[in-house]
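The next block is start30.tsv, given as TSV, N, CA, C and O atoms.
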```tsv
chain	number	residue	atom	x	y	z
E	1098	MET	N	-4.14	-8.13	-16.23
E	1098	MET	CA	-2.90	-7.77	-15.58
E	1098	MET	C	-2.33	-9.04	-14.92
E	1098	MET	O	-3.03	-9.72	-14.19
E	1099	THR	N	-1.08	-9.31	-15.21
E	1099	THR	CA	-0.44	-10.49	-14.63
E	1099	THR	C	-0.11	-10.23	-13.16
E	1099	THR	O	-0.02	-9.07	-12.74
E	1100	PRO	N	0.11	-11.28	-12.39
E	1100	PRO	CA	0.48	-11.08	-10.98
E	1100	PRO	C	1.76	-10.26	-10.83
E	1100	PRO	O	1.87	-9.44	-9.91
E	1101	LEU	N	2.71	-10.44	-11.75
E	1101	LEU	CA	3.96	-9.67	-11.67
E	1101	LEU	C	3.71	-8.18	-11.94
E	1101	LEU	O	4.24	-7.32	-11.23
E	1102	GLU	N	2.85	-7.89	-12.90
E	1102	GLU	CA	2.49	-6.49	-13.18
E	1102	GLU	C	1.74	-5.88	-11.99
E	1102	GLU	O	1.98	-4.73	-11.63
E	1103	ARG	N	0.84	-6.66	-11.40
E	1103	ARG	CA	0.09	-6.18	-10.23
E	1103	ARG	C	1.04	-5.91	-9.06
E	1103	ARG	O	0.91	-4.91	-8.37
E	1104	LEU	N	2.02	-6.79	-8.88
E	1104	LEU	CA	3.00	-6.62	-7.82
E	1104	LEU	C	3.82	-5.35	-8.03
E	1104	LEU	O	4.04	-4.59	-7.08
E	1105	GLU	N	4.22	-5.09	-9.26
E	1105	GLU	CA	4.95	-3.85	-9.57
E	1105	GLU	C	4.10	-2.63	-9.25
E	1105	GLU	O	4.59	-1.66	-8.65
E	1106	GLN	N	2.83	-2.66	-9.66
E	1106	GLN	CA	1.93	-1.53	-9.41
E	1106	GLN	C	1.74	-1.31	-7.91
E	1106	GLN	O	1.77	-0.17	-7.44
E	1107	LEU	N	1.55	-2.38	-7.17
E	1107	LEU	CA	1.36	-2.26	-5.73
E	1107	LEU	C	2.61	-1.69	-5.04
E	1107	LEU	O	2.50	-0.88	-4.12
E	1108	ASN	N	3.78	-2.10	-5.50
E	1108	ASN	CA	5.02	-1.57	-4.92
E	1108	ASN	C	5.19	-0.09	-5.21
E	1108	ASN	O	5.67	0.66	-4.36
E	1109	ILE	N	4.77	0.35	-6.39
E	1109	ILE	CA	4.81	1.78	-6.72
E	1109	ILE	C	3.85	2.55	-5.81
E	1109	ILE	O	4.21	3.59	-5.24
E	1110	GLU	N	2.64	2.02	-5.65
E	1110	GLU	CA	1.66	2.66	-4.78
E	1110	GLU	C	2.16	2.72	-3.34
E	1110	GLU	O	2.00	3.73	-2.65
E	1111	LEU	N	2.78	1.63	-2.88
E	1111	LEU	CA	3.31	1.58	-1.52
E	1111	LEU	C	4.40	2.64	-1.32
E	1111	LEU	O	4.43	3.31	-0.30
E	1112	ALA	N	5.26	2.80	-2.30
E	1112	ALA	CA	6.31	3.83	-2.21
E	1112	ALA	C	5.70	5.22	-2.13
E	1112	ALA	O	6.17	6.08	-1.36
E	1113	GLU	N	4.63	5.46	-2.90
E	1113	GLU	CA	3.95	6.76	-2.86
E	1113	GLU	C	3.30	7.00	-1.50
E	1113	GLU	O	3.35	8.12	-0.98
E	1114	VAL	N	2.68	5.98	-0.94
E	1114	VAL	CA	2.04	6.12	0.38
E	1114	VAL	C	3.09	6.38	1.45
E	1114	VAL	O	2.91	7.24	2.31
E	1115	ARG	N	4.21	5.66	1.37
E	1115	ARG	CA	5.28	5.89	2.33
E	1115	ARG	C	5.83	7.31	2.21
E	1115	ARG	O	6.14	7.95	3.23
E	1116	ALA	N	5.96	7.82	0.98
E	1116	ALA	CA	6.43	9.20	0.79
E	1116	ALA	C	5.43	10.20	1.37
E	1116	ALA	O	5.82	11.19	1.98
E	1117	ALA	N	4.14	9.93	1.20
E	1117	ALA	CA	3.11	10.82	1.74
E	1117	ALA	C	3.15	10.80	3.27
E	1117	ALA	O	3.01	11.86	3.90
E	1118	ILE	N	3.35	9.63	3.86
E	1118	ILE	CA	3.45	9.54	5.32
E	1118	ILE	C	4.64	10.35	5.81
E	1118	ILE	O	4.53	11.12	6.76
E	1119	SER	N	5.77	10.21	5.14
E	1119	SER	CA	6.96	10.98	5.52
E	1119	SER	C	6.72	12.47	5.42
E	1119	SER	O	7.14	13.24	6.29
E	1120	ALA	N	6.05	12.89	4.35
E	1120	ALA	CA	5.77	14.32	4.17
E	1120	ALA	C	4.88	14.85	5.29
E	1120	ALA	O	5.12	15.94	5.82
E	1121	VAL	N	3.86	14.08	5.66
E	1121	VAL	CA	2.97	14.51	6.73
E	1121	VAL	C	3.72	14.58	8.06
E	1121	VAL	O	3.57	15.53	8.83
E	1122	LEU	N	4.56	13.58	8.31
E	1122	LEU	CA	5.32	13.56	9.56
E	1122	LEU	C	6.33	14.72	9.65
E	1122	LEU	O	6.67	15.15	10.74
E	1123	ARG	N	6.77	15.21	8.50
E	1123	ARG	CA	7.68	16.36	8.48
E	1123	ARG	C	6.92	17.68	8.58
E	1123	ARG	O	7.52	18.75	8.48
E	1124	GLY	N	5.61	17.61	8.75
E	1124	GLY	CA	4.82	18.82	8.93
E	1124	GLY	C	4.23	19.39	7.67
E	1124	GLY	O	3.78	20.53	7.64
E	1125	ALA	N	4.21	18.62	6.62
E	1125	ALA	CA	3.71	19.13	5.34
E	1125	ALA	C	2.27	18.71	5.07
E	1125	ALA	O	1.88	18.55	3.93
E	1126	GLN	N	1.48	18.57	6.12
E	1126	GLN	CA	0.11	18.13	5.90
E	1126	GLN	C	-0.73	19.24	5.27
E	1126	GLN	O	-1.61	18.98	4.49
E	1127	GLU	N	-0.43	20.47	5.62
E	1127	GLU	CA	-1.18	21.59	5.04
E	1127	GLU	C	-0.19	22.67	4.67
E	1127	GLU	O	0.73	22.98	5.41
E	1128	TYR	N	-0.38	23.25	3.48
E	1128	TYR	CA	0.53	24.29	3.03
E	1128	TYR	C	-0.20	25.24	2.09
E	1128	TYR	O	-1.28	24.95	1.60
E	1129	ARG	N	0.41	26.38	1.84
E	1129	ARG	CA	-0.17	27.40	0.96
E	1129	ARG	C	0.78	27.71	-0.18
E	1129	ARG	O	1.99	27.75	-0.01
E	1130	ILE	N	0.18	27.94	-1.34
E	1130	ILE	CA	0.90	28.46	-2.49
E	1130	ILE	C	0.10	29.67	-2.95
E	1130	ILE	O	-1.01	29.53	-3.48
E	1131	GLY	N	0.64	30.85	-2.70
E	1131	GLY	CA	-0.10	32.06	-3.01
E	1131	GLY	C	-1.34	32.14	-2.14
E	1131	GLY	O	-1.28	32.04	-0.92
E	1132	SER	N	-2.49	32.28	-2.78
E	1132	SER	CA	-3.74	32.38	-2.04
E	1132	SER	C	-4.45	31.03	-1.91
E	1132	SER	O	-5.52	30.95	-1.31
E	1133	LYS	N	-3.85	29.99	-2.44
E	1133	LYS	CA	-4.49	28.67	-2.40
E	1133	LYS	C	-3.91	27.84	-1.26
E	1133	LYS	O	-2.73	27.87	-0.97
E	1134	SER	N	-4.79	27.08	-0.61
E	1134	SER	CA	-4.40	26.23	0.50
E	1134	SER	C	-4.60	24.77	0.10
E	1134	SER	O	-5.62	24.43	-0.51
E	1135	PHE	N	-3.64	23.92	0.43
E	1135	PHE	CA	-3.71	22.51	0.09
E	1135	PHE	C	-3.58	21.68	1.36
E	1135	PHE	O	-2.82	22.03	2.25
E	1136	ARG	N	-4.30	20.56	1.40
E	1136	ARG	CA	-4.24	19.68	2.57
E	1136	ARG	C	-4.00	18.25	2.08
E	1136	ARG	O	-4.67	17.78	1.19
E	1137	ARG	N	-3.05	17.60	2.70
E	1137	ARG	CA	-2.73	16.22	2.33
E	1137	ARG	C	-3.66	15.24	3.06
E	1137	ARG	O	-4.40	15.62	3.95
E	1138	ALA	N	-3.52	13.98	2.71
E	1138	ALA	CA	-4.37	12.94	3.30
E	1138	ALA	C	-4.16	12.82	4.80
E	1138	ALA	O	-3.10	13.14	5.32
E	1139	ASP	N	-5.17	12.34	5.47
E	1139	ASP	CA	-5.11	12.09	6.90
E	1139	ASP	C	-4.09	10.99	7.19
E	1139	ASP	O	-4.05	9.97	6.50
E	1140	LEU	N	-3.29	11.18	8.22
E	1140	LEU	CA	-2.23	10.23	8.56
E	1140	LEU	C	-2.79	8.84	8.86
E	1140	LEU	O	-2.23	7.83	8.43
E	1141	GLY	N	-3.90	8.77	9.56
E	1141	GLY	CA	-4.52	7.49	9.87
E	1141	GLY	C	-4.93	6.72	8.62
E	1141	GLY	O	-4.73	5.51	8.51
E	1142	LEU	N	-5.48	7.45	7.64
E	1142	LEU	CA	-5.87	6.81	6.38
E	1142	LEU	C	-4.64	6.32	5.62
E	1142	LEU	O	-4.68	5.26	4.99
E	1143	LEU	N	-3.57	7.09	5.68
E	1143	LEU	CA	-2.34	6.66	5.01
E	1143	LEU	C	-1.79	5.39	5.64
E	1143	LEU	O	-1.34	4.48	4.94
E	1144	TYR	N	-1.83	5.30	6.98
E	1144	TYR	CA	-1.37	4.09	7.66
E	1144	TYR	C	-2.23	2.88	7.27
E	1144	TYR	O	-1.72	1.79	7.04
E	1145	GLU	N	-3.54	3.08	7.19
E	1145	GLU	CA	-4.44	1.99	6.79
E	1145	GLU	C	-4.14	1.53	5.37
E	1145	GLU	O	-4.12	0.32	5.09
E	1146	GLU	N	-3.92	2.48	4.47
E	1146	GLU	CA	-3.61	2.14	3.08
E	1146	GLU	C	-2.27	1.41	2.99
E	1146	GLU	O	-2.13	0.45	2.24
E	1147	ARG	N	-1.28	1.85	3.77
E	1147	ARG	CA	0.02	1.18	3.79
E	1147	ARG	C	-0.15	-0.28	4.22
E	1147	ARG	O	0.39	-1.19	3.59
E	1148	THR	N	-0.92	-0.50	5.27
E	1148	THR	CA	-1.16	-1.86	5.77
E	1148	THR	C	-1.85	-2.71	4.71
E	1148	THR	O	-1.48	-3.86	4.48
E	1149	ARG	N	-2.86	-2.15	4.05
E	1149	ARG	CA	-3.59	-2.87	3.00
E	1149	ARG	C	-2.67	-3.26	1.86
E	1149	ARG	O	-2.68	-4.41	1.39
E	1150	LEU	N	-1.84	-2.31	1.42
E	1150	LEU	CA	-0.92	-2.59	0.31
E	1150	LEU	C	0.11	-3.65	0.70
E	1150	LEU	O	0.40	-4.55	-0.08
E	1151	GLU	N	0.66	-3.54	1.90
E	1151	GLU	CA	1.64	-4.52	2.36
E	1151	GLU	C	1.02	-5.92	2.43
E	1151	GLU	O	1.65	-6.91	2.06
E	1152	ARG	N	-0.22	-6.00	2.88
E	1152	ARG	CA	-0.92	-7.28	2.96
E	1152	ARG	C	-1.15	-7.86	1.56
E	1152	ARG	O	-0.94	-9.06	1.32
E	1153	GLU	N	-1.58	-7.02	0.62
E	1153	GLU	CA	-1.84	-7.49	-0.73
E	1153	GLU	C	-0.55	-7.94	-1.42
E	1153	GLU	O	-0.53	-8.94	-2.12
E	1154	ILE	N	0.54	-7.21	-1.19
E	1154	ILE	CA	1.84	-7.59	-1.74
E	1154	ILE	C	2.27	-8.94	-1.17
E	1154	ILE	O	2.72	-9.82	-1.91
E	1155	ALA	N	2.12	-9.12	0.13
E	1155	ALA	CA	2.49	-10.39	0.77
E	1155	ALA	C	1.67	-11.54	0.21
E	1155	ALA	O	2.20	-12.64	-0.03
E	1156	ASP	N	0.38	-11.31	-0.04
E	1156	ASP	CA	-0.48	-12.36	-0.61
E	1156	ASP	C	0.02	-12.78	-1.98
E	1156	ASP	O	0.06	-13.97	-2.30
E	1157	ILE	N	0.39	-11.81	-2.81
E	1157	ILE	CA	0.87	-12.13	-4.16
E	1157	ILE	C	2.21	-12.86	-4.08
E	1157	ILE	O	2.44	-13.85	-4.77
E	1158	GLU	N	3.10	-12.37	-3.25
E	1158	GLU	CA	4.42	-12.98	-3.12
E	1158	GLU	C	4.36	-14.39	-2.55
E	1158	GLU	O	5.19	-15.23	-2.87
E	1159	ASN	N	3.34	-14.66	-1.74
E	1159	ASN	CA	3.19	-15.99	-1.12
E	1159	ASN	C	2.24	-16.89	-1.90
E	1159	ASN	O	1.80	-17.91	-1.38
E	1160	GLY	N	1.88	-16.49	-3.10
E	1160	GLY	CA	1.04	-17.34	-3.95
E	1160	GLY	C	-0.44	-17.13	-3.79
E	1160	GLY	O	-1.23	-17.97	-4.18
E	1161	GLY	N	-0.85	-16.02	-3.23
E	1161	GLY	CA	-2.27	-15.74	-3.08
E	1161	GLY	C	-2.83	-16.34	-1.82
E	1161	GLY	O	-2.12	-16.90	-0.99
E	1162	MET	N	-4.14	-16.27	-1.67
E	1162	MET	CA	-4.75	-16.74	-0.44
E	1162	MET	C	-5.05	-18.24	-0.46
E	1162	MET	O	-5.37	-18.83	0.54
E	1163	PHE	N	-4.96	-18.87	-1.64
E	1163	PHE	CA	-5.21	-20.31	-1.75
E	1163	PHE	C	-3.90	-21.01	-2.06
E	1163	PHE	O	-3.14	-20.59	-2.90
E	1164	ARG	N	-3.67	-22.12	-1.39
E	1164	ARG	CA	-2.45	-22.89	-1.62
E	1164	ARG	C	-2.82	-24.36	-1.77
E	1164	ARG	O	-3.78	-24.84	-1.17
E	1165	ALA	N	-2.02	-25.06	-2.55
E	1165	ALA	CA	-2.24	-26.49	-2.73
E	1165	ALA	C	-1.68	-27.23	-1.52
E	1165	ALA	O	-0.61	-26.90	-1.01
E	1166	VAL	N	-2.44	-28.21	-1.06
E	1166	VAL	CA	-2.02	-29.03	0.07
E	1166	VAL	C	-2.02	-30.48	-0.38
E	1166	VAL	O	-2.98	-30.94	-0.99
E	1167	TYR	N	-0.95	-31.17	-0.08
E	1167	TYR	CA	-0.86	-32.59	-0.48
E	1167	TYR	C	-0.77	-33.43	0.78
E	1167	TYR	O	0.01	-33.15	1.67
E	1168	PHE	N	-1.58	-34.47	0.83
E	1168	PHE	CA	-1.58	-35.40	1.96
E	1168	PHE	C	-1.01	-36.74	1.48
E	1168	PHE	O	-1.40	-37.24	0.44
E	1169	GLU	N	-0.10	-37.27	2.25
E	1169	GLU	CA	0.47	-38.56	1.91
E	1169	GLU	C	-0.14	-39.64	2.80
E	1169	GLU	O	-0.31	-39.44	3.99
E	1170	GLY	N	-0.42	-40.74	2.20
E	1170	GLY	CA	-0.95	-41.87	2.96
E	1170	GLY	C	-2.36	-41.64	3.43
E	1170	GLY	O	-3.07	-40.76	2.98
E	1171	ARG	N	-2.75	-42.49	4.40
E	1171	ARG	CA	-4.10	-42.39	4.93
E	1171	ARG	C	-4.08	-42.09	6.36
E	1171	ARG	O	-3.60	-42.44	7.26
```

Just dump the structure as structure tokens.
Amino acid sequence: MTPLERLEQLNIELAEVRAAISAVLRGAQEYRIGSKSFRRADLGLLYEERTRLEREIADIENGGMFRAVYFEGR
């Protein structure tokens, strides 16, 4: 996977996490359909995942964690 493809994937995941956070904040953390009950992810875990994704996106956009350094003269 190229860095550009990885960046696209991370941005999609980030959008999904942000949508999940919004849904939970609107009160949709737990709901029922018929006799079945569904529960969404914990808000704290969603915030942690959002932070992780944002950090990974920033690393890719800034050239990763390693950068070339050039020194002039002595």

Could you name the residues that touch segment 1103-1110 of chain E at 6 Å or less, counting all atoms listed in the file, but leaving out those on the same chain fewer than 5 positions away, as an mmCIF file with N, CA, C and O atoms, in the frame of the given file?
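Result written to selection_33.cif:
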```cif
data_model
loop_
_atom_site.group_PDB
_atom_site.id
_atom_site.type_symbol
_atom_site.label_atom_id
_atom_site.label_comp_id
_atom_site.auth_asym_id
_atom_site.auth_seq_id
_atom_site.Cartn_x
_atom_site.Cartn_y
_atom_site.Cartn_z
ATOM 1 N N MET E 1098 -4.140 -8.130 -16.230
ATOM 2 C CA MET E 1098 -2.900 -7.770 -15.580
ATOM 3 C C MET E 1098 -2.330 -9.040 -14.920
ATOM 4 O O MET E 1098 -3.030 -9.720 -14.190
ATOM 5 N N ARG E 1115 4.210 5.660 1.370
ATOM 6 C CA ARG E 1115 5.280 5.890 2.330
ATOM 7 C C ARG E 1115 5.830 7.310 2.210
ATOM 8 O O ARG E 1115 6.140 7.950 3.230
ATOM 9 N N LEU E 1150 -1.840 -2.310 1.420
ATOM 10 C CA LEU E 1150 -0.920 -2.590 0.310
ATOM 11 C C LEU E 1150 0.110 -3.650 0.700
ATOM 12 O O LEU E 1150 0.400 -4.550 -0.080
#
```

*asked:* Taking only N, CA, C and O atoms into account, name the residue in E:Ala1117, E:Ser1134, E:Ile1157, E:Arg1149 that is nearest to Leu1101 of chain E.
replied: E:Ile1157

*asked:* So the first atom is atom C of Thr1148 of chain E and the second is atom C of Ile1118 of chain E; what is the distance between them in Å, to one decimal place?
replied: 14.6 Å

*If you run DSSP on the backbone, which residues of segment 1110-1160 of chain E are alpha helix (DSSP H), as JSON, numbers by chain?*
{"E": [1110, 1111, 1112, 1113, 1114, 1115, 1116, 1117, 1118, 1119, 1120, 1121, 1122, 1140, 1141, 1142, 1143, 1144, 1145, 1146, 1147, 1148, 1149, 1150, 1151, 1152, 1153, 1154, 1155, 1156, 1157, 1158]}

_For Leu1142 of chain E, the nearest of the candidates E:Ala1155, E:Ile1130, E:Val1121, E:Ala1112, counting only C-alpha atoms_ =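 Among the listed residues, the smallest separation from Leu1142 of chain E belongs to E:Val1121.
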
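The smallest atom-to-atom distance between Glu1113 of chain E and any of E:Glu1146, E:Asp1139, E:Glu1158, E:Glu1127, using only C-alpha atoms, is found for E:Glu1146.
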
*Write out as an MDAnalysis selection string all residues of chain E that backbone DSSP assigns to strand (DSSP E).*
chainID E and resid 1127:1130 1133:1136

_When you count only C-alpha atoms, which of these residues is closest to Leu1111 of chain E: E:Gly1160, E:Phe1135, E:Thr1099, E:Glu1151?_
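Under the stated criterion, the closest residue is E:Glu1151.
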
*Could you jot down the atom O of Asp1156 of chain E to atom CA of Glu1102 of chain E separation for me, Å, one decimal place?*
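Atom-to-atom, atom O of Asp1156 of chain E to atom CA of Glu1102 of chain E, that is 13.4 Å.
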
*asked:* Would you compute the distance between atom C of Gly1124 of chain E and atom N of Leu1143 of chain E? Give it in Å to one decimal.
replied: 14.7 Å

*Between E:Pro1100, E:Arg1152, E:Leu1122, E:Glu1169, which one has atoms that come closest to Leu1140 of chain E, using all atoms listed in the file?*
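Checking each of E:Pro1100, E:Arg1152, E:Leu1122, E:Glu1169 against Leu1140 of chain E, counting all atoms listed in the file, the winner is E:Leu1122.
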
*Point out the residue among E:Arg1123, E:Arg1129, E:Gly1170, E:Val1114 with the least atom-to-atom distance to Arg1147 of chain E, counting all atoms listed in the file.*
E:Val1114
